[in-house]
$ cat run.csv   # CSV, C-alpha atoms (C1' of nucleotides)
chain,number,residue,atom,x,y,z
G,139,MET,CA,8.1,-28.2,-13.9
G,140,ASP,CA,6.0,-31.1,-15.1
G,141,THR,CA,3.7,-33.6,-13.3
G,142,LYS,CA,6.7,-35.6,-12.2
G,143,ASP,CA,8.3,-32.6,-10.6
G,144,ARG,CA,5.1,-31.9,-8.7
G,145,GLN,CA,4.9,-35.5,-7.6
G,146,ILE,CA,8.4,-35.3,-6.3
G,147,ILE,CA,7.7,-32.0,-4.5
G,148,ARG,CA,4.6,-33.3,-2.8
G,149,ALA,CA,6.4,-36.5,-1.7
G,150,LEU,CA,9.2,-34.5,-0.2
G,151,GLN,CA,6.8,-32.2,1.6
G,152,ARG,CA,5.2,-35.3,3.2
G,153,ASP,CA,8.6,-36.8,4.1
G,154,GLY,CA,11.6,-34.6,3.5
G,155,ARG,CA,14.0,-37.3,4.6
G,156,MET,CA,12.8,-40.2,2.4
G,157,THR,CA,15.6,-41.9,0.5
G,158,ASN,CA,16.1,-41.1,-3.1
G,159,GLN,CA,15.4,-44.8,-3.9
G,160,ASP,CA,12.0,-44.7,-2.2
G,161,LEU,CA,11.2,-41.3,-3.8
G,162,ALA,CA,12.1,-42.7,-7.2
G,163,GLU,CA,9.8,-45.7,-6.7
G,164,ALA,CA,7.0,-43.4,-5.5
G,165,VAL,CA,7.1,-41.4,-8.7
G,166,ASN,CA,7.9,-44.3,-11.1
G,167,LEU,CA,11.5,-43.3,-12.0
G,168,SER,CA,14.8,-45.0,-11.5
G,169,PRO,CA,17.0,-43.4,-8.8
G,170,SER,CA,19.3,-41.4,-11.1
G,171,PRO,CA,16.9,-39.3,-13.0
G,172,CYS,CA,14.9,-38.8,-9.9
G,173,LEU,CA,17.9,-37.5,-8.0
G,174,ARG,CA,18.7,-35.3,-10.9
G,175,ARG,CA,15.3,-33.7,-10.8
G,176,VAL,CA,15.5,-33.1,-7.1
G,177,ARG,CA,18.9,-31.4,-7.5
G,178,ASN,CA,17.5,-29.3,-10.3
G,179,LEU,CA,14.5,-28.2,-8.3
G,180,GLU,CA,16.9,-27.2,-5.5
G,181,ALA,CA,19.2,-25.3,-7.9
G,182,LYS,CA,16.3,-23.4,-9.4
G,183,GLY,CA,15.1,-22.4,-5.9
G,184,VAL,CA,11.8,-24.3,-6.2
G,185,ILE,CA,12.9,-26.5,-3.2
G,186,GLN,CA,14.3,-23.9,-0.9
G,187,GLY,CA,15.4,-26.2,1.8
G,188,TYR,CA,14.4,-29.0,4.2
G,189,SER,CA,13.4,-28.8,7.8
G,190,ALA,CA,12.3,-30.8,10.8
G,191,GLU,CA,8.8,-30.2,12.0
G,192,VAL,CA,8.9,-29.8,15.7
G,193,ASP,CA,6.1,-29.7,18.4
G,194,PRO,CA,6.6,-26.2,19.8
G,195,ALA,CA,5.1,-27.1,23.2
G,196,ALA,CA,7.4,-30.1,23.6
G,197,TYR,CA,10.3,-27.8,22.9
G,198,GLY,CA,9.2,-25.3,25.5
G,199,LEU,CA,7.3,-22.8,23.4
G,200,ALA,CA,3.7,-23.3,24.6
G,201,ILE,CA,2.2,-20.2,23.0
G,202,THR,CA,1.7,-19.4,19.4
G,203,VAL,CA,0.5,-15.9,18.6
G,204,PHE,CA,-0.6,-14.2,15.4
G,205,VAL,CA,0.1,-10.5,15.7
G,206,ARG,CA,-1.3,-8.0,13.3
G,207,ILE,CA,0.5,-4.6,13.1
G,208,LYS,CA,-0.4,-1.3,11.4
G,209,LEU,CA,2.2,1.3,10.9
G,210,GLU,CA,1.7,5.1,11.4
G,211,ARG,CA,3.4,6.0,8.2
G,212,HIS,CA,4.2,4.1,5.1
G,213,ASN,CA,7.1,6.0,3.7
G,214,GLU,CA,10.1,3.9,2.4
G,215,GLU,CA,12.2,4.6,5.5
G,216,ASP,CA,9.7,3.5,8.1
G,217,VAL,CA,8.7,0.5,6.2
G,218,GLN,CA,12.3,-0.6,5.6
G,219,LYS,CA,13.1,0.0,9.3
G,220,PHE,CA,10.2,-2.1,10.5
G,221,GLU,CA,10.9,-5.0,8.1
G,222,LYS,CA,14.6,-5.0,8.9
G,223,ARG,CA,14.0,-5.1,12.6
G,224,ALA,CA,11.2,-7.8,12.3
G,225,ARG,CA,13.6,-10.1,10.4
G,226,LEU,CA,16.1,-10.0,13.3
G,227,ILE,CA,13.6,-11.0,16.0
G,228,ASP,CA,14.1,-14.7,16.8
G,229,GLU,CA,10.6,-15.1,18.2
G,230,VAL,CA,9.1,-14.0,14.8
G,231,LEU,CA,8.9,-17.1,12.6
G,232,GLU,CA,6.9,-15.5,9.9
G,233,CYS,CA,6.2,-11.9,8.9
G,234,HIS,CA,3.9,-11.2,5.9
G,235,VAL,CA,2.7,-7.9,4.3
G,236,MET,CA,-1.1,-8.1,4.1
G,237,THR,CA,-4.0,-6.5,2.4
G,238,GLY,CA,-6.8,-5.2,4.6
G,239,ALA,CA,-6.8,-2.9,7.7
G,240,MET,CA,-3.5,-4.1,9.1
G,241,ASP,CA,-0.1,-3.9,7.3
G,242,TYR,CA,1.7,-7.0,8.7
G,243,GLN,CA,0.9,-10.3,10.2
G,244,LEU,CA,3.5,-12.0,12.4
G,245,ARG,CA,3.6,-15.6,13.7
G,246,VAL,CA,5.3,-15.5,17.1
G,247,LEU,CA,6.4,-18.3,19.4
G,248,VAL,CA,7.0,-17.7,23.1
G,249,PRO,CA,7.2,-19.9,26.2
G,250,ASP,CA,4.5,-18.2,28.2
G,251,LEU,CA,2.3,-15.0,28.6
G,252,GLU,CA,5.0,-13.2,30.4
G,253,ALA,CA,7.4,-13.7,27.6
G,254,TYR,CA,4.8,-12.4,25.2
G,255,GLU,CA,4.4,-9.2,27.2
G,256,ASN,CA,8.2,-8.8,27.1
G,257,PHE,CA,8.2,-9.5,23.4
G,258,ILE,CA,5.8,-6.7,22.7
G,259,ARG,CA,7.4,-4.3,25.2
G,260,ASN,CA,11.1,-5.0,24.3
G,261,ARG,CA,11.0,-6.1,20.7
G,262,ILE,CA,8.0,-4.5,19.0
G,263,HIS,CA,7.3,-1.2,20.6
G,264,PRO,CA,11.0,-0.1,20.5
G,265,ILE,CA,10.8,-0.2,16.7
G,266,GLY,CA,8.6,2.9,16.8
G,267,GLY,CA,6.2,4.2,14.2
G,268,ILE,CA,3.5,1.6,15.1
G,269,ALA,CA,-0.1,2.7,15.0
G,270,SER,CA,-1.8,-0.4,16.4
G,271,ILE,CA,-1.2,-4.0,17.3
G,272,ASP,CA,-3.9,-6.7,17.3
G,273,THR,CA,-3.1,-10.0,19.1
G,274,SER,CA,-4.7,-13.4,18.6
G,275,PHE,CA,-3.6,-16.4,20.6
G,276,VAL,CA,-3.8,-19.9,19.2
G,277,TYR,CA,-6.0,-22.2,21.3
G,278,GLY,CA,-5.6,-25.2,19.2
G,279,THR,CA,-4.5,-26.4,15.8
G,280,VAL,CA,-7.1,-28.2,13.7
G,281,LYS,CA,-4.7,-28.8,10.7
G,282,ARG,CA,-1.2,-28.1,9.8
G,283,THR,CA,0.5,-29.6,6.7
G,284,ALA,CA,3.4,-28.7,4.4
G,285,VAL,CA,1.9,-30.6,1.4
G,286,PHE,CA,0.6,-28.3,-1.4
G,287,PRO,CA,-2.7,-29.1,-3.1
G,288,LEU,CA,-2.4,-30.8,-6.5
G,289,SER,CA,-2.3,-27.8,-8.9
G,290,ARG,CA,-3.9,-29.3,-12.0
H,203,MET,CA,15.1,-32.6,26.6
H,204,ASP,CA,18.4,-30.9,27.5
H,205,THR,CA,20.6,-28.3,25.8
H,206,LYS,CA,22.0,-30.8,23.3
H,207,ASP,CA,18.5,-31.9,22.2
H,208,ARG,CA,17.6,-28.3,21.6
H,209,GLN,CA,20.8,-27.8,19.6
H,210,ILE,CA,19.9,-30.9,17.5
H,211,ILE,CA,16.4,-29.6,16.9
H,212,ARG,CA,17.5,-26.2,15.8
H,213,ALA,CA,20.1,-27.7,13.5
H,214,LEU,CA,17.5,-30.0,11.9
H,215,GLN,CA,15.1,-27.1,11.5
H,216,ARG,CA,17.8,-25.2,9.6
H,217,ASP,CA,18.6,-28.2,7.5
H,218,GLY,CA,16.4,-31.3,7.8
H,219,ARG,CA,18.5,-33.3,5.4
H,220,MET,CA,21.9,-32.7,7.0
H,221,THR,CA,23.8,-36.0,7.5
H,222,ASN,CA,24.0,-37.5,10.9
H,223,GLN,CA,27.8,-37.0,10.8
H,224,ASP,CA,27.5,-33.3,10.2
H,225,LEU,CA,24.8,-33.0,12.8
H,226,ALA,CA,27.0,-34.8,15.3
H,227,GLU,CA,29.9,-32.5,14.6
H,228,ALA,CA,27.6,-29.4,14.9
H,229,VAL,CA,26.5,-30.4,18.4
H,230,ASN,CA,29.8,-31.9,19.6
H,231,LEU,CA,28.9,-35.6,19.7
H,232,SER,CA,30.0,-38.6,17.8
H,233,PRO,CA,27.6,-40.0,15.3
H,234,SER,CA,26.0,-42.8,17.3
H,235,PRO,CA,24.8,-41.0,20.4
H,236,CYS,CA,23.7,-38.2,18.1
H,237,LEU,CA,21.6,-40.5,16.0
H,238,ARG,CA,20.2,-42.1,19.1
H,239,ARG,CA,19.0,-38.7,20.4
H,240,VAL,CA,17.4,-37.9,17.0
H,241,ARG,CA,15.5,-41.2,17.0
H,242,ASN,CA,14.4,-40.6,20.5
H,243,LEU,CA,13.1,-37.1,19.7
H,244,GLU,CA,11.2,-38.7,16.8
H,245,ALA,CA,9.8,-41.5,18.9
H,246,LYS,CA,8.6,-39.1,21.6
H,247,GLY,CA,6.9,-37.0,19.0
H,248,VAL,CA,9.0,-33.9,19.6
H,249,ILE,CA,10.2,-34.2,16.0
H,250,GLN,CA,7.0,-34.9,14.1
H,251,GLY,CA,8.5,-35.2,10.7
H,252,TYR,CA,10.6,-33.6,8.0
H,253,SER,CA,9.6,-31.7,5.0
H,254,ALA,CA,10.8,-29.8,1.9
H,255,GLU,CA,10.3,-26.1,1.9
H,256,VAL,CA,8.9,-25.1,-1.5
H,257,ASP,CA,8.3,-21.8,-3.2
H,258,PRO,CA,4.5,-21.7,-3.7
H,259,ALA,CA,4.7,-19.4,-6.7
H,260,ALA,CA,7.2,-21.6,-8.5
H,261,TYR,CA,5.0,-24.6,-7.9
H,262,GLY,CA,2.0,-22.6,-9.4
H,263,LEU,CA,0.3,-21.4,-6.3
H,264,ALA,CA,0.8,-17.7,-6.6
H,265,ILE,CA,-1.6,-16.6,-3.9
H,266,THR,CA,-1.4,-17.1,-0.2
H,267,VAL,CA,-4.5,-16.0,1.8
H,268,PHE,CA,-5.2,-15.8,5.5
H,269,VAL,CA,-8.9,-16.4,6.0
H,270,ARG,CA,-10.6,-15.7,9.4
H,271,ILE,CA,-13.9,-17.4,10.0
H,272,LYS,CA,-16.6,-16.9,12.6
H,273,LEU,CA,-19.2,-19.6,13.2
H,274,GLU,CA,-22.9,-18.8,13.8
H,275,ARG,CA,-23.2,-21.3,16.6
H,276,HIS,CA,-20.5,-23.0,18.8
H,277,ASN,CA,-22.3,-26.2,19.8
H,278,GLU,CA,-20.2,-29.4,19.7
H,279,GLU,CA,-21.9,-30.6,16.5
H,280,ASP,CA,-21.3,-27.5,14.4
H,281,VAL,CA,-17.7,-27.1,15.6
H,282,GLN,CA,-16.9,-30.8,14.9
H,283,LYS,CA,-18.5,-30.5,11.5
H,284,PHE,CA,-16.5,-27.4,10.6
H,285,GLU,CA,-13.2,-28.8,11.8
H,286,LYS,CA,-13.7,-32.1,10.1
H,287,ARG,CA,-14.5,-30.5,6.8
H,288,ALA,CA,-11.6,-28.0,7.1
H,289,ARG,CA,-9.1,-30.8,7.6
H,290,LEU,CA,-10.2,-32.4,4.3
H,291,ILE,CA,-9.7,-29.3,2.1
H,292,ASP,CA,-6.4,-29.6,0.3
H,293,GLU,CA,-6.0,-25.9,-0.2
H,294,VAL,CA,-6.1,-25.3,3.6
H,295,LEU,CA,-2.5,-25.8,4.8
H,296,GLU,CA,-3.2,-24.6,8.3
H,297,CYS,CA,-6.3,-24.1,10.5
H,298,HIS,CA,-6.1,-22.7,14.0
H,299,VAL,CA,-8.6,-22.0,16.7
H,300,MET,CA,-8.1,-18.4,17.8
H,301,THR,CA,-8.9,-16.0,20.6
H,302,GLY,CA,-10.5,-12.7,19.5
H,303,ALA,CA,-13.4,-11.8,17.3
H,304,MET,CA,-13.0,-14.6,14.9
H,305,ASP,CA,-13.0,-18.3,15.7
H,306,TYR,CA,-10.6,-19.8,13.1
H,307,GLN,CA,-7.7,-18.6,11.0
H,308,LEU,CA,-6.8,-20.6,7.8
H,309,ARG,CA,-3.8,-20.4,5.7
H,310,VAL,CA,-4.9,-21.1,2.1
H,311,LEU,CA,-2.9,-21.6,-1.1
H,312,VAL,CA,-4.5,-21.1,-4.5
H,313,PRO,CA,-3.2,-20.5,-8.1
H,314,ASP,CA,-5.1,-17.3,-8.8
H,315,LEU,CA,-8.0,-15.1,-7.7
H,316,GLU,CA,-10.5,-17.1,-9.6
H,317,ALA,CA,-9.5,-20.2,-7.7
H,318,TYR,CA,-9.9,-18.3,-4.4
H,319,GLU,CA,-13.4,-17.4,-5.3
H,320,ASN,CA,-14.2,-21.0,-6.2
H,321,PHE,CA,-12.6,-22.1,-2.9
H,322,ILE,CA,-14.9,-19.9,-0.9
H,323,ARG,CA,-18.0,-20.8,-2.9
H,324,ASN,CA,-17.4,-24.5,-3.3
H,325,ARG,CA,-15.4,-25.5,-0.2
H,326,ILE,CA,-16.2,-23.0,2.6
H,327,HIS,CA,-19.7,-21.8,2.2
H,328,PRO,CA,-21.1,-25.4,1.7
H,329,ILE,CA,-20.0,-26.3,5.2
H,330,GLY,CA,-22.8,-24.1,6.5
H,331,GLY,CA,-23.1,-22.4,9.9
H,332,ILE,CA,-20.6,-19.7,9.0
H,333,ALA,CA,-21.4,-16.2,10.4
H,334,SER,CA,-18.6,-14.2,8.7
H,335,ILE,CA,-15.4,-14.5,6.6
H,336,ASP,CA,-12.6,-12.1,6.6
H,337,THR,CA,-9.9,-12.4,3.9
H,338,SER,CA,-6.4,-11.0,3.8
H,339,PHE,CA,-4.1,-11.6,0.9
H,340,VAL,CA,-0.4,-11.8,1.3
H,341,TYR,CA,1.4,-9.1,-0.7
H,342,GLY,CA,4.9,-10.3,0.2
H,343,THR,CA,6.8,-12.2,2.8
H,344,VAL,CA,9.3,-10.4,5.0
H,345,LYS,CA,10.5,-13.4,6.9
H,346,ARG,CA,9.7,-17.1,7.1
H,347,THR,CA,11.8,-19.6,9.1
H,348,ALA,CA,11.3,-22.9,10.7
H,349,VAL,CA,14.0,-22.4,13.4
H,350,PHE,CA,12.6,-21.9,16.9
H,351,PRO,CA,14.1,-19.2,19.2
H,352,LEU,CA,16.6,-20.4,21.8
H,353,SER,CA,14.3,-21.1,24.7
H,354,ARG,CA,16.2,-19.7,27.8
M,243,DT,C1',10.4,-40.2,-41.4
M,244,DA,C1',14.9,-38.5,-40.0
M,245,DT,C1',17.4,-36.0,-36.8
M,246,DA,C1',18.8,-33.6,-32.7
M,247,DA,C1',18.0,-32.7,-27.9
M,248,DA,C1',16.5,-34.1,-23.7
M,249,DT,C1',15.6,-37.6,-20.5
M,250,DT,C1',16.3,-42.0,-18.7
M,251,DG,C1',18.4,-46.4,-16.7
M,252,DG,C1',22.3,-49.0,-15.1
M,253,DC,C1',26.6,-49.5,-13.0
M,254,DA,C1',30.7,-48.9,-9.9
M,255,DC,C1',32.7,-46.3,-6.4
M,256,DA,C1',32.2,-43.3,-2.4
M,257,DA,C1',29.7,-41.7,1.5
M,258,DT,C1',26.4,-42.6,5.0
M,259,DC,C1',23.6,-45.2,8.1
M,260,DT,C1',22.8,-48.7,11.6
M,261,DG,C1',23.3,-51.9,15.3
M,262,DC,C1',26.3,-53.9,18.5
M,263,DC,C1',29.9,-53.9,22.2
M,264,DA,C1',33.1,-52.0,25.2
M,265,DA,C1',34.5,-47.7,27.5
M,266,DT,C1',33.3,-43.6,30.0
M,267,DC,C1',30.7,-40.7,32.9
M,268,DA,C1',27.4,-39.2,36.8
M,269,DG,C1',25.0,-40.1,40.9
M,270,DG,C1',24.0,-42.6,45.4
M,271,DG,C1',24.9,-45.7,49.3
M,272,DG,C1',28.0,-48.0,52.2
I,129,DC,C1',36.5,-42.1,49.8
I,130,DC,C1',35.4,-45.8,47.1
I,131,DC,C1',32.5,-48.9,44.8
I,132,DC,C1',28.5,-49.9,42.4
I,133,DT,C1',24.7,-49.1,39.2
I,134,DG,C1',22.5,-47.0,35.3
I,135,DA,C1',22.8,-44.0,31.6
I,136,DT,C1',25.3,-42.1,27.9
I,137,DT,C1',29.0,-42.2,24.8
I,138,DG,C1',32.5,-43.7,21.0
I,139,DG,C1',34.1,-46.9,17.6
I,140,DC,C1',33.7,-50.5,14.5
I,141,DA,C1',31.8,-53.6,10.5
I,142,DG,C1',28.3,-54.7,7.5
I,143,DA,C1',24.3,-53.0,5.0
I,144,DT,C1',22.2,-49.3,2.7
I,145,DT,C1',22.2,-45.1,0.1
I,146,DG,C1',24.1,-41.4,-2.8
I,147,DT,C1',26.8,-39.9,-6.8
I,148,DG,C1',28.8,-39.3,-11.4
I,149,DC,C1',29.4,-41.2,-15.8
I,150,DC,C1',28.0,-43.5,-20.2
I,151,DA,C1',25.0,-45.7,-23.3
I,152,DA,C1',20.1,-46.4,-24.5
I,153,DT,C1',15.6,-44.6,-24.9
I,154,DT,C1',12.2,-41.3,-25.5
I,155,DT,C1',10.4,-36.8,-27.1
I,156,DA,C1',10.2,-32.9,-30.1
I,157,DT,C1',10.9,-30.8,-34.5
I,158,DA,C1',11.7,-30.1,-39.2

$ encode --input "run.csv" --output "structure tokens"
Amino acid sequence: MDTKDRQIIRALQRDGRMTNQDLAEAVNLSPSPCLRRVRNLEAKGVIQGYSAEVDPAAYGLAITVFVRIKLERHNEEDVQKFEKRARLIDEVLECHVMTGAMDYQLRVLVPDLEAYENFIRNRIHPIGGIASIDTSFVYGTVKRTAVFPLSR
Amino acid sequence: MDTKDRQIIRALQRDGRMTNQDLAEAVNLSPSPCLRRVRNLEAKGVIQGYSAEVDPAAYGLAITVFVRIKLERHNEEDVQKFEKRARLIDEVLECHVMTGAMDYQLRVLVPDLEAYENFIRNRIHPIGGIASIDTSFVYGTVKRTAVFPLSR
DNA sequence: TATAAATTGGCACAATCTGCCAATCAGGGG
DNA sequence: CCCCTGATTGGCAGATTGTGCCAATTTATA
């Protein structure tokens, strides 16, 4: 993982579908070593995949919600159960374990407020063992990028 | 935006670099109309771009932080100033305007705790007009996907 | 400086993309 | 019921891109 690898990563975060030839030119390599580095980063799990960035509203998911959840108990069993169930919920795009007053933060995508109510009632509450839920809706997005800062 | 478009979108969220031929097969189309639909979704801004998914720790950014910020005043000038400055900070990958007690939530990536302290001191506080900051570090990530739920 | 290991560049072949044209399909009016 | 129109589709050929191999170059080490 040298400077060239980091250049490659940032270029592919900006445009994950750029051709290997353009990428090679952008990082001052010829195509074959460039492709080799990319494949290597993929094999080592540094690059975990590629994905299309889609406007949620245009797709029909107008509402983004950050949901913070605190469990009643933190024994192995209840924690495993919560995390296993959370992973299976399609509306949950992210679920992180957090420091602070709440245990988890979820990023949730739903078409409307009614769907959010149903999500809480039918997907979250049935998991059980939940002490409290704190909901924040997203009004607007000031910035959203996949490109990491230059680390050194 | 019909069922086929949604299939295409979800397939490209799972693998943004899949060949048009594989994509066409996955959604039961032949390559040319499939490519036309993709280009159309791109032109309409539904697909906003493509990007590589990278492991932040492997890249050297071990710490993910969600920072919630409340402003002292909400006049046009102070809000514009904060948002403009936030957009320019490389460590800030996301910045959303939120409902609830705090005004903004940022997703921030830094190499270590020291860098986080510097980030707050040198990037956030100098903006001015900030009433309070609430920091939550990410211990672990239970789920992280780019694939939207089937809408309907 | 000599040597070994790692990385690079170029080339040829295979796979993929791209733009065009004809064929097919869906909907509306006579 | 049929014909017409517009939209969408499928297939094809040329251009672009990816892929794997080998020799040349660079880098690191003794």

$ interface_residues --input "run.csv" --of "chain G" --to "chain M" --cutoff "9 Å" --atoms "all atoms listed in the file" --output "list of chain:residue names"
G:Leu167, G:Ser168, G:Pro169, G:Ser170, G:Pro171

$ interface_residues --input "run.csv" --of "chain G" --to "chain H" --cutoff "6 Å" --atoms "only C-alpha atoms" --output "ChimeraX atom specification"
/G:150-154,184-193,196,225,228-229,231-238,274-283,287

$ write_last_selection --input "run.csv" --atoms "C-alpha atoms" --output "PDB file, keeping the file's coordinate frame"
ATOM      1  CA  LEU G 150       9.200 -34.500  -0.200  1.00  0.00           C
ATOM      2  CA  GLN G 151       6.800 -32.200   1.600  1.00  0.00           C
ATOM      3  CA  ARG G 152       5.200 -35.300   3.200  1.00  0.00           C
ATOM      4  CA  ASP G 153       8.600 -36.800   4.100  1.00  0.00           C
ATOM      5  CA  GLY G 154      11.600 -34.600   3.500  1.00  0.00           C
ATOM      6  CA  VAL G 184      11.800 -24.300  -6.200  1.00  0.00           C
ATOM      7  CA  ILE G 185      12.900 -26.500  -3.200  1.00  0.00           C
ATOM      8  CA  GLN G 186      14.300 -23.900  -0.900  1.00  0.00           C
ATOM      9  CA  GLY G 187      15.400 -26.200   1.800  1.00  0.00           C
ATOM     10  CA  TYR G 188      14.400 -29.000   4.200  1.00  0.00           C
ATOM     11  CA  SER G 189      13.400 -28.800   7.800  1.00  0.00           C
ATOM     12  CA  ALA G 190      12.300 -30.800  10.800  1.00  0.00           C
ATOM     13  CA  GLU G 191       8.800 -30.200  12.000  1.00  0.00           C
ATOM     14  CA  VAL G 192       8.900 -29.800  15.700  1.00  0.00           C
ATOM     15  CA  ASP G 193       6.100 -29.700  18.400  1.00  0.00           C
ATOM     16  CA  ALA G 196       7.400 -30.100  23.600  1.00  0.00           C
ATOM     17  CA  ARG G 225      13.600 -10.100  10.400  1.00  0.00           C
ATOM     18  CA  ASP G 228      14.100 -14.700  16.800  1.00  0.00           C
ATOM     19  CA  GLU G 229      10.600 -15.100  18.200  1.00  0.00           C
ATOM     20  CA  LEU G 231       8.900 -17.100  12.600  1.00  0.00           C
ATOM     21  CA  GLU G 232       6.900 -15.500   9.900  1.00  0.00           C
ATOM     22  CA  CYS G 233       6.200 -11.900   8.900  1.00  0.00           C
ATOM     23  CA  HIS G 234       3.900 -11.200   5.900  1.00  0.00           C
ATOM     24  CA  VAL G 235       2.700  -7.900   4.300  1.00  0.00           C
ATOM     25  CA  MET G 236      -1.100  -8.100   4.100  1.00  0.00           C
ATOM     26  CA  THR G 237      -4.000  -6.500   2.400  1.00  0.00           C
ATOM     27  CA  GLY G 238      -6.800  -5.200   4.600  1.00  0.00           C
ATOM     28  CA  SER G 274      -4.700 -13.400  18.600  1.00  0.00           C
ATOM     29  CA  PHE G 275      -3.600 -16.400  20.600  1.00  0.00           C
ATOM     30  CA  VAL G 276      -3.800 -19.900  19.200  1.00  0.00           C
ATOM     31  CA  TYR G 277      -6.000 -22.200  21.300  1.00  0.00           C
ATOM     32  CA  GLY G 278      -5.600 -25.200  19.200  1.00  0.00           C
ATOM     33  CA  THR G 279      -4.500 -26.400  15.800  1.00  0.00           C
ATOM     34  CA  VAL G 280      -7.100 -28.200  13.700  1.00  0.00           C
ATOM     35  CA  LYS G 281      -4.700 -28.800  10.700  1.00  0.00           C
ATOM     36  CA  ARG G 282      -1.200 -28.100   9.800  1.00  0.00           C
ATOM     37  CA  THR G 283       0.500 -29.600   6.700  1.00  0.00           C
ATOM     38  CA  PRO G 287      -2.700 -29.100  -3.100  1.00  0.00           C
TER      39      PRO G 287
END

$ atom_distance --input "run.csv" --atom1 "CA of Ile329 (chain H)" --atom2 "CA of Lys283 (chain H)"
7.7 Å

$ closest_residue --input "run.csv" --among "I:DT147, I:DA156, I:DC129, I:DC140" --to "chain H" --atoms "only C-alpha atoms (C1' of nucleotides)"
I:DC140

$ interface_residues --input "run.csv" --of "chain I" --to "chain G" --cutoff "12 Å" --atoms "only C-alpha atoms (C1' of nucleotides)" --output "list in words"
DT144, DT145, DG146, DT147, DG148 and DC149 of chain I

$ atom_distance --input "run.csv" --atom1 "CA of Arg238 (chain H)" --atom2 "CA of Gln209 (chain H)"
14.3 Å
